[in-house]
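Below you'll find the structure, written out as structure tokens, and then a few comments.
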Amino acid sequence: MRKSKFILSSWLSVVAAVFVSGMASAEAAAGAPNAANGQKIFTEGKGEAQPCQTCHGDKALGNDAMGAPRLANIGYGYVVKQLTNLAEDKRTPTGVGAVMPGFAKALSEQDRRDVSAYVNSLNATPELSDLKELKAGGQQVGEAYKGAEIAQHGITNKIPACSSCHEYNGRGVDPVFPRIGQQKYVYLTNQLHNWRANAADVAGGVVARTNDPAGMMRAVAKKLTDEDINNVAAYLSQASPTKGVGDTSPDNATLMHAVSK
């Protein structure tokens with residue numbers, strides 16, 4: 001087991017390095033991202049794009065009531081990719097998120113890079129999902145202790161641990177894997193359902209999400225039950241990104257550092 005984890009960790013390190021090199025080279029001609037412009041878009045909007053803070057909060061920490069995700073410090077490269085995919089209709093959210101493709105299209109490529117740089121510079125104290133309040137409001141909420149097993153160890157002969165790709169407690173490996181620890185509970189459950197969506201789900205109105213690299217998230221999610229999804233979301237929504245005294249939470253800005261030189 002330790003050997004396989006070492007091999008996986010080494011492989012992920014190689015993949016991350018390749019992504020940083022490739023994406024940094026691709027963005028080099030555009031120049032460094034301008035976080036000041038990104039802040040202006042985030043707080044004031046631009047053209048048809050409404051201010052990001054309207055749904056995601058003034059600190060970009062997300063909103064369970066709206067199903068809006070945390071954007072703060074989840075990974076510069078990841079946010080750039082999502083905004084690009086939204087603009088290119090490679091990701092089509094439902095509900096309140098249905099406005100996102102239009103907003104992303106209203107932004108230039110540089111604007112998307114700028115706002116991604118700004119939100120990834122935000123590292124405020126998280127506003128964790130209130131699981132008791134969500135449950136009282138009728139939301140299905142899982143058991144965090146059961147979710148910890150999935151996040152840290154996976155499910156034997158079924159799926160790998162979330163930490164295999166997203167690192168300890170989902171703290172992220174920029175630019176390949178986003179921070180999912182301390183992400184909003186409602187967003188986590190919604191996305192896992194979208195990754196898992198089959199033909200019957202789609203016929204019932206669920207919009208399948210398919211913009212994961214090499215189909216990795218779809219392969220994992222299709223093996224999760226509703227209970228599994230609720231449990232792992234309950235755990236990750238509250239999970240500390242640090243391992244203990246002396247450990248620090250990564251800034252998830254490997255790519256941003258590379259393109260800002």
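Order determines the names: the first chain of the structure tokens is A, the second B, and so forth; residues in each chain are numbered 1 upward, and ligands are numbered 1 upward as they are shown.
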
Which of region 61-249 of chain A DSSP labels alpha helix (DSSP H), written as a compact mmCIF listing (two decimals) with N, CA, C and O atoms, in the first residue's frame:
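Generated output (result.txt):
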# COMPACT_ATOMS: atom_id res chain seq x y z
N TYR A 76 -5.36 28.84 -8.72
CA TYR A 76 -5.41 29.78 -9.85
C TYR A 76 -5.65 29.04 -11.17
O TYR A 76 -6.56 29.38 -11.94
N GLY A 77 -4.85 28.02 -11.43
CA GLY A 77 -4.98 27.29 -12.69
C GLY A 77 -6.35 26.66 -12.85
O GLY A 77 -6.91 26.65 -13.96
N TYR A 78 -6.90 26.15 -11.76
CA TYR A 78 -8.21 25.52 -11.81
C TYR A 78 -9.30 26.54 -12.15
O TYR A 78 -10.17 26.26 -12.99
N VAL A 79 -9.26 27.71 -11.53
CA VAL A 79 -10.29 28.72 -11.79
C VAL A 79 -10.20 29.22 -13.23
O VAL A 79 -11.22 29.41 -13.90
N VAL A 80 -8.98 29.41 -13.73
CA VAL A 80 -8.81 29.81 -15.13
C VAL A 80 -9.47 28.77 -16.04
O VAL A 80 -10.21 29.11 -16.97
N LYS A 81 -9.20 27.50 -15.77
CA LYS A 81 -9.75 26.42 -16.60
C LYS A 81 -11.27 26.42 -16.56
O LYS A 81 -11.94 26.27 -17.58
N GLN A 82 -11.85 26.57 -15.36
CA GLN A 82 -13.30 26.54 -15.25
C GLN A 82 -13.95 27.70 -15.98
O GLN A 82 -14.96 27.53 -16.68
N LEU A 83 -13.41 28.90 -15.84
CA LEU A 83 -13.97 30.05 -16.54
C LEU A 83 -13.85 29.88 -18.05
O LEU A 83 -14.76 30.24 -18.81
N THR A 84 -12.74 29.32 -18.49
CA THR A 84 -12.56 29.06 -19.92
C THR A 84 -13.55 28.02 -20.41
O THR A 84 -14.19 28.18 -21.46
N ASN A 85 -13.71 26.94 -19.65
CA ASN A 85 -14.67 25.90 -20.02
C ASN A 85 -16.10 26.43 -20.05
O ASN A 85 -16.89 26.07 -20.93
N LEU A 86 -16.43 27.30 -19.11
CA LEU A 86 -17.75 27.92 -19.08
C LEU A 86 -17.96 28.79 -20.31
O LEU A 86 -19.03 28.75 -20.96
N ALA A 87 -16.95 29.57 -20.66
CA ALA A 87 -17.04 30.45 -21.82
C ALA A 87 -17.18 29.66 -23.12
O ALA A 87 -17.80 30.12 -24.08
N MET A 100 -23.52 31.40 -15.36
CA MET A 100 -22.06 31.47 -15.45
C MET A 100 -21.49 31.41 -16.87
O MET A 100 -20.55 32.16 -17.17
N PRO A 101 -22.00 30.59 -17.78
CA PRO A 101 -21.44 30.62 -19.14
C PRO A 101 -21.54 32.00 -19.77
O PRO A 101 -20.60 32.48 -20.42
N GLY A 102 -22.68 32.66 -19.58
CA GLY A 102 -22.85 34.01 -20.14
C GLY A 102 -21.89 35.00 -19.52
O GLY A 102 -21.32 35.85 -20.22
N PHE A 103 -21.71 34.91 -18.21
CA PHE A 103 -20.78 35.82 -17.53
C PHE A 103 -19.36 35.58 -18.02
O PHE A 103 -18.61 36.53 -18.28
N ALA A 104 -18.98 34.31 -18.14
CA ALA A 104 -17.62 33.98 -18.57
C ALA A 104 -17.36 34.46 -19.99
O ALA A 104 -16.26 34.93 -20.32
N LYS A 105 -18.37 34.37 -20.86
CA LYS A 105 -18.23 34.84 -22.24
C LYS A 105 -18.07 36.35 -22.31
O LYS A 105 -17.49 36.88 -23.27
N GLU A 109 -10.11 36.68 -22.32
CA GLU A 109 -9.20 35.68 -21.77
C GLU A 109 -8.35 36.31 -20.65
O GLU A 109 -8.13 35.70 -19.60
N GLN A 110 -7.89 37.54 -20.88
CA GLN A 110 -7.09 38.22 -19.88
C GLN A 110 -7.91 38.51 -18.62
O GLN A 110 -7.44 38.35 -17.50
N ASP A 111 -9.18 38.93 -18.80
CA ASP A 111 -10.06 39.18 -17.66
C ASP A 111 -10.21 37.93 -16.81
O ASP A 111 -10.18 38.00 -15.57
N ARG A 112 -10.37 36.80 -17.46
CA ARG A 112 -10.56 35.54 -16.73
C ARG A 112 -9.31 35.20 -15.93
O ARG A 112 -9.39 34.70 -14.80
N ARG A 113 -8.17 35.47 -16.51
CA ARG A 113 -6.92 35.23 -15.79
C ARG A 113 -6.78 36.19 -14.62
O ARG A 113 -6.31 35.83 -13.54
N ASP A 114 -7.20 37.43 -14.85
CA ASP A 114 -7.08 38.46 -13.81
C ASP A 114 -7.96 38.16 -12.60
O ASP A 114 -7.51 38.24 -11.45
N VAL A 115 -9.23 37.81 -12.86
CA VAL A 115 -10.13 37.55 -11.75
C VAL A 115 -9.72 36.27 -11.03
O VAL A 115 -9.84 36.16 -9.80
N SER A 116 -9.16 35.30 -11.78
CA SER A 116 -8.66 34.07 -11.15
C SER A 116 -7.50 34.38 -10.22
O SER A 116 -7.39 33.81 -9.12
N ALA A 117 -6.63 35.29 -10.66
CA ALA A 117 -5.49 35.67 -9.82
C ALA A 117 -5.97 36.37 -8.56
O ALA A 117 -5.45 36.13 -7.46
N TYR A 118 -6.99 37.22 -8.71
CA TYR A 118 -7.48 37.94 -7.54
C TYR A 118 -8.10 37.01 -6.51
O TYR A 118 -7.75 37.05 -5.32
N VAL A 119 -9.03 36.14 -6.95
CA VAL A 119 -9.69 35.28 -5.96
C VAL A 119 -8.71 34.31 -5.32
O VAL A 119 -8.87 33.93 -4.16
N ASN A 120 -7.67 33.94 -6.07
CA ASN A 120 -6.71 33.02 -5.47
C ASN A 120 -5.77 33.69 -4.49
O ASN A 120 -5.06 33.03 -3.75
N SER A 121 -5.76 35.03 -4.49
CA SER A 121 -4.94 35.75 -3.52
C SER A 121 -5.67 35.91 -2.19
O SER A 121 -5.07 36.31 -1.19
N LEU A 131 -23.67 22.75 8.91
CA LEU A 131 -24.35 21.50 8.60
C LEU A 131 -25.64 21.32 9.40
O LEU A 131 -26.62 20.77 8.89
N LYS A 132 -25.65 21.79 10.64
CA LYS A 132 -26.86 21.68 11.46
C LYS A 132 -27.98 22.53 10.86
O LYS A 132 -29.14 22.10 10.81
N GLU A 133 -27.63 23.71 10.42
CA GLU A 133 -28.63 24.60 9.82
C GLU A 133 -29.15 24.02 8.51
O GLU A 133 -30.36 24.07 8.22
N LEU A 134 -28.25 23.47 7.70
CA LEU A 134 -28.67 22.86 6.44
C LEU A 134 -29.61 21.69 6.69
O LEU A 134 -30.62 21.54 6.00
N LYS A 135 -29.28 20.87 7.67
CA LYS A 135 -30.11 19.70 7.99
C LYS A 135 -31.48 20.15 8.49
O LYS A 135 -32.51 19.57 8.11
N ALA A 136 -31.49 21.19 9.32
CA ALA A 136 -32.76 21.70 9.84
C ALA A 136 -33.63 22.25 8.72
O ALA A 136 -34.87 22.24 8.80
N ALA A 144 -19.86 13.05 9.03
CA ALA A 144 -18.48 13.45 8.73
C ALA A 144 -17.48 12.35 9.04
O ALA A 144 -16.50 12.18 8.31
N TYR A 145 -17.69 11.58 10.11
CA TYR A 145 -16.70 10.55 10.48
C TYR A 145 -16.64 9.46 9.42
O TYR A 145 -15.58 8.86 9.17
N LYS A 146 -17.75 9.19 8.76
CA LYS A 146 -17.76 8.22 7.67
C LYS A 146 -17.08 8.81 6.43
O LYS A 146 -16.39 8.12 5.69
N GLY A 147 -17.30 10.10 6.20
CA GLY A 147 -16.67 10.78 5.08
C GLY A 147 -15.16 10.85 5.23
O GLY A 147 -14.43 10.85 4.24
N ALA A 148 -14.69 10.90 6.48
CA ALA A 148 -13.24 10.94 6.73
C ALA A 148 -12.56 9.69 6.18
O ALA A 148 -11.45 9.76 5.65
N GLU A 149 -13.23 8.55 6.31
CA GLU A 149 -12.67 7.29 5.79
C GLU A 149 -12.49 7.36 4.28
O GLU A 149 -11.47 6.93 3.74
N ILE A 150 -13.47 7.92 3.60
CA ILE A 150 -13.39 8.03 2.14
C ILE A 150 -12.32 9.04 1.74
O ILE A 150 -11.51 8.77 0.85
N ALA A 151 -12.31 10.19 2.41
CA ALA A 151 -11.35 11.24 2.06
C ALA A 151 -9.91 10.80 2.31
O ALA A 151 -9.02 11.09 1.51
N GLN A 152 -9.70 10.08 3.40
CA GLN A 152 -8.34 9.73 3.79
C GLN A 152 -7.88 8.36 3.29
O GLN A 152 -6.68 8.15 3.04
N HIS A 153 -8.83 7.42 3.13
CA HIS A 153 -8.44 6.05 2.79
C HIS A 153 -9.17 5.48 1.57
O HIS A 153 -8.78 4.41 1.08
N SER A 163 -7.61 12.17 -0.98
CA SER A 163 -6.28 12.73 -0.75
C SER A 163 -5.26 12.25 -1.78
O SER A 163 -4.21 12.87 -1.94
N SER A 164 -5.56 11.16 -2.48
CA SER A 164 -4.63 10.66 -3.49
C SER A 164 -4.35 11.71 -4.55
O SER A 164 -3.23 11.80 -5.07
N CYS A 165 -5.37 12.51 -4.87
CA CYS A 165 -5.19 13.56 -5.87
C CYS A 165 -5.24 14.96 -5.26
O CYS A 165 -4.45 15.84 -5.61
N HIS A 166 -6.17 15.17 -4.33
CA HIS A 166 -6.40 16.51 -3.79
C HIS A 166 -5.57 16.82 -2.55
O HIS A 166 -5.76 17.87 -1.94
N TYR A 185 -20.66 22.75 1.37
CA TYR A 185 -21.28 21.42 1.37
C TYR A 185 -22.22 21.23 0.19
O TYR A 185 -22.16 20.22 -0.51
N VAL A 186 -23.10 22.20 -0.04
CA VAL A 186 -24.10 22.06 -1.11
C VAL A 186 -23.40 21.95 -2.47
O VAL A 186 -23.79 21.14 -3.31
N TYR A 187 -22.36 22.74 -2.67
CA TYR A 187 -21.64 22.69 -3.94
C TYR A 187 -20.96 21.33 -4.12
O TYR A 187 -21.00 20.74 -5.20
N LEU A 188 -20.34 20.83 -3.06
CA LEU A 188 -19.68 19.53 -3.14
C LEU A 188 -20.65 18.42 -3.53
O LEU A 188 -20.38 17.62 -4.42
N THR A 189 -21.80 18.38 -2.87
CA THR A 189 -22.77 17.33 -3.18
C THR A 189 -23.31 17.50 -4.59
O THR A 189 -23.46 16.51 -5.33
N ASN A 190 -23.61 18.73 -4.98
CA ASN A 190 -24.13 18.96 -6.33
C ASN A 190 -23.14 18.48 -7.40
O ASN A 190 -23.53 17.83 -8.38
N GLN A 191 -21.86 18.83 -7.22
CA GLN A 191 -20.88 18.46 -8.23
C GLN A 191 -20.65 16.96 -8.30
O GLN A 191 -20.49 16.39 -9.38
N LEU A 192 -20.64 16.29 -7.15
CA LEU A 192 -20.46 14.84 -7.17
C LEU A 192 -21.64 14.16 -7.87
O LEU A 192 -21.46 13.18 -8.60
N HIS A 193 -22.84 14.69 -7.67
CA HIS A 193 -23.99 14.16 -8.40
C HIS A 193 -23.85 14.43 -9.90
O HIS A 193 -24.20 13.56 -10.72
N ASN A 194 -23.35 15.60 -10.25
CA ASN A 194 -23.17 15.92 -11.67
C ASN A 194 -22.10 15.05 -12.31
O ASN A 194 -22.24 14.61 -13.45
N TRP A 195 -21.00 14.81 -11.58
CA TRP A 195 -19.96 13.93 -12.11
C TRP A 195 -20.51 12.51 -12.30
O TRP A 195 -20.11 11.80 -13.23
N ARG A 196 -21.42 12.11 -11.43
CA ARG A 196 -21.93 10.75 -11.44
C ARG A 196 -23.07 10.54 -12.44
O ARG A 196 -23.41 9.41 -12.78
N ALA A 199 -27.34 8.39 -18.01
CA ALA A 199 -28.37 8.76 -18.98
C ALA A 199 -29.72 9.01 -18.30
O ALA A 199 -30.45 9.94 -18.66
N ALA A 200 -30.05 8.16 -17.31
CA ALA A 200 -31.33 8.31 -16.62
C ALA A 200 -31.37 9.62 -15.83
O ALA A 200 -32.39 10.31 -15.79
N ASP A 201 -30.25 9.97 -15.17
CA ASP A 201 -30.17 11.21 -14.42
C ASP A 201 -30.36 12.40 -15.35
O ASP A 201 -31.09 13.35 -15.03
N VAL A 202 -29.69 12.35 -16.49
CA VAL A 202 -29.78 13.45 -17.46
C VAL A 202 -31.22 13.58 -17.96
O VAL A 202 -31.74 14.69 -18.11
N ALA A 203 -31.87 12.45 -18.22
CA ALA A 203 -33.26 12.47 -18.66
C ALA A 203 -34.16 13.10 -17.59
O ALA A 203 -35.19 13.71 -17.91
N MET A 216 -11.35 11.48 -14.71
CA MET A 216 -11.02 10.94 -13.39
C MET A 216 -12.16 11.08 -12.39
O MET A 216 -12.48 10.14 -11.66
N MET A 217 -12.78 12.27 -12.34
CA MET A 217 -13.85 12.46 -11.35
C MET A 217 -15.08 11.65 -11.70
O MET A 217 -15.77 11.13 -10.81
N ARG A 218 -15.36 11.50 -12.98
CA ARG A 218 -16.52 10.70 -13.38
C ARG A 218 -16.31 9.23 -12.99
O ARG A 218 -17.24 8.57 -12.52
N ALA A 219 -15.09 8.76 -13.15
CA ALA A 219 -14.79 7.36 -12.80
C ALA A 219 -14.98 7.12 -11.31
O ALA A 219 -15.46 6.04 -10.90
N VAL A 220 -14.62 8.09 -10.49
CA VAL A 220 -14.78 7.95 -9.03
C VAL A 220 -16.24 8.12 -8.64
O VAL A 220 -16.81 7.29 -7.91
N ALA A 221 -16.88 9.18 -9.12
CA ALA A 221 -18.24 9.51 -8.68
C ALA A 221 -19.26 8.43 -9.03
O ALA A 221 -20.21 8.20 -8.27
N ASP A 226 -25.45 7.78 -2.85
CA ASP A 226 -25.89 9.06 -2.31
C ASP A 226 -25.34 9.25 -0.89
O ASP A 226 -24.92 10.36 -0.51
N GLU A 227 -25.35 8.18 -0.12
CA GLU A 227 -24.84 8.26 1.26
C GLU A 227 -23.35 8.58 1.26
O GLU A 227 -22.89 9.41 2.06
N ASP A 228 -22.59 7.94 0.38
CA ASP A 228 -21.16 8.23 0.27
C ASP A 228 -20.93 9.70 -0.04
O ASP A 228 -20.06 10.36 0.56
N ILE A 229 -21.69 10.22 -0.99
CA ILE A 229 -21.55 11.62 -1.40
C ILE A 229 -21.82 12.55 -0.22
O ILE A 229 -21.06 13.48 0.04
N ASN A 230 -22.91 12.30 0.49
CA ASN A 230 -23.24 13.16 1.63
C ASN A 230 -22.19 13.07 2.73
O ASN A 230 -21.85 14.07 3.36
N ASN A 231 -21.67 11.87 2.95
CA ASN A 231 -20.69 11.68 4.01
C ASN A 231 -19.37 12.39 3.70
O ASN A 231 -18.82 13.11 4.55
N VAL A 232 -18.85 12.20 2.50
CA VAL A 232 -17.56 12.80 2.16
C VAL A 232 -17.69 14.32 2.07
O VAL A 232 -16.77 15.05 2.45
N ALA A 233 -18.84 14.81 1.62
CA ALA A 233 -19.05 16.26 1.56
C ALA A 233 -19.12 16.85 2.97
O ALA A 233 -18.61 17.94 3.22
N ALA A 234 -19.76 16.11 3.87
CA ALA A 234 -19.85 16.59 5.26
C ALA A 234 -18.45 16.73 5.86
O ALA A 234 -18.15 17.71 6.56
N TYR A 235 -17.60 15.75 5.59
CA TYR A 235 -16.24 15.80 6.14
C TYR A 235 -15.41 16.90 5.49
O TYR A 235 -14.82 17.74 6.18
N LEU A 236 -15.37 16.91 4.17
CA LEU A 236 -14.51 17.86 3.47
C LEU A 236 -14.94 19.30 3.72
O LEU A 236 -14.09 20.20 3.78

As JSON, numbers by chain, please: the residues near Met66 (chain A) (cut-off 12 Å, only C-alpha atoms, same-chain neighbours under 3 positions excluded).
{"A": [54, 55, 56, 57, 62, 63, 69, 70, 94, 95, 96, 97, 98, 184, 185, 186, 187, 190]}

Shortest contact to Val173 (chain A), candidates A:Ala208, A:Leu224, A:Ala253, A:Val141, atoms counted only C-alpha atoms, goes to A:Ala253

As a ChimeraX atom specification, list the residues of region 74-213 of chain A assigned to strand (DSSP E or B) by DSSP on the backbone atoms of this structure.
/A:155,159,173,177

Using only C-alpha atoms, pick whichever of A:Ala124, A:Val259, A:Val206, A:Ala32 has the shortest atom-to-atom distance to Ala72 (chain A).
A:Ala124

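Take CA of Val207 (chain A) and CA of Asp64 (chain A): the distance between them is 19.1 Å.
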
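Of the residues under consideration (A:Asp58, A:Asp251, A:Glu127, A:Glu88), A:Asp251 shows the shortest atom-to-atom contact distance to Gly172 (chain A) when counting only C-alpha atoms.
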
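CA of Leu128 (chain A) sits 6.3 Å away from CA of Gln182 (chain A).
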
For Thr43 (chain A): contacts at 10 Å, only C-alpha atoms, fewer than 3 positions along chain excluded, given as a ChimeraX atom specification:
/A:38-40,46,50-54,57-58

Atoms kept (N, CA and C atoms) for selection, written as an mmCIF file, in the first residue's frame:
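Result went into again-v8.cif, see below:
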data_model
loop_
_atom_site.group_PDB
_atom_site.id
_atom_site.type_symbol
_atom_site.label_atom_id
_atom_site.label_comp_id
_atom_site.auth_asym_id
_atom_site.auth_seq_id
_atom_site.Cartn_x
_atom_site.Cartn_y
_atom_site.Cartn_z
ATOM 1 N N GLY A 38 -8.673 42.131 -11.769
ATOM 2 C CA GLY A 38 -9.520 41.042 -11.299
ATOM 3 C C GLY A 38 -10.389 41.463 -10.125
ATOM 4 N N GLN A 39 -9.841 42.239 -9.227
ATOM 5 C CA GLN A 39 -10.613 42.735 -8.077
ATOM 6 C C GLN A 39 -11.757 43.631 -8.545
ATOM 7 N N LYS A 40 -11.499 44.458 -9.541
ATOM 8 C CA LYS A 40 -12.528 45.355 -10.060
ATOM 9 C C LYS A 40 -13.678 44.560 -10.669
ATOM 10 N N LYS A 46 -18.339 43.442 -15.098
ATOM 11 C CA LYS A 46 -17.861 44.041 -16.341
ATOM 12 C C LYS A 46 -18.854 43.700 -17.451
ATOM 13 N N GLN A 50 -21.986 40.112 -14.137
ATOM 14 C CA GLN A 50 -22.299 40.732 -12.857
ATOM 15 C C GLN A 50 -21.132 40.557 -11.881
ATOM 16 N N PRO A 51 -21.064 41.386 -10.826
ATOM 17 C CA PRO A 51 -19.985 41.231 -9.840
ATOM 18 C C PRO A 51 -19.969 39.817 -9.258
ATOM 19 N N CYS A 52 -18.819 39.205 -9.232
ATOM 20 C CA CYS A 52 -18.687 37.841 -8.712
ATOM 21 C C CYS A 52 -19.140 37.749 -7.258
ATOM 22 N N GLN A 53 -18.903 38.834 -6.511
ATOM 23 C CA GLN A 53 -19.195 38.807 -5.082
ATOM 24 C C GLN A 53 -20.692 38.705 -4.789
ATOM 25 N N THR A 54 -21.535 38.986 -5.790
ATOM 26 C CA THR A 54 -22.970 38.904 -5.597
ATOM 27 C C THR A 54 -23.386 37.514 -5.122
ATOM 28 N N GLY A 57 -19.833 35.907 -2.477
ATOM 29 C CA GLY A 57 -19.498 36.605 -1.245
ATOM 30 C C GLY A 57 -18.318 37.534 -1.415
ATOM 31 N N ASP A 58 -18.231 38.548 -0.550
ATOM 32 C CA ASP A 58 -17.180 39.557 -0.712
ATOM 33 C C ASP A 58 -15.785 39.019 -0.459
#

Closest pair table for region 80-187 of chain A residues within 9 Å of region 242-247 of chain A, only C-alpha atoms, as a tab-separated table:
residue	atom	partner	partner_atom	distance
A:Tyr168	CA	A:Lys243	CA	7.6
A:Asn169	CA	A:Thr242	CA	8.1
A:Arg171	CA	A:Thr242	CA	8.1
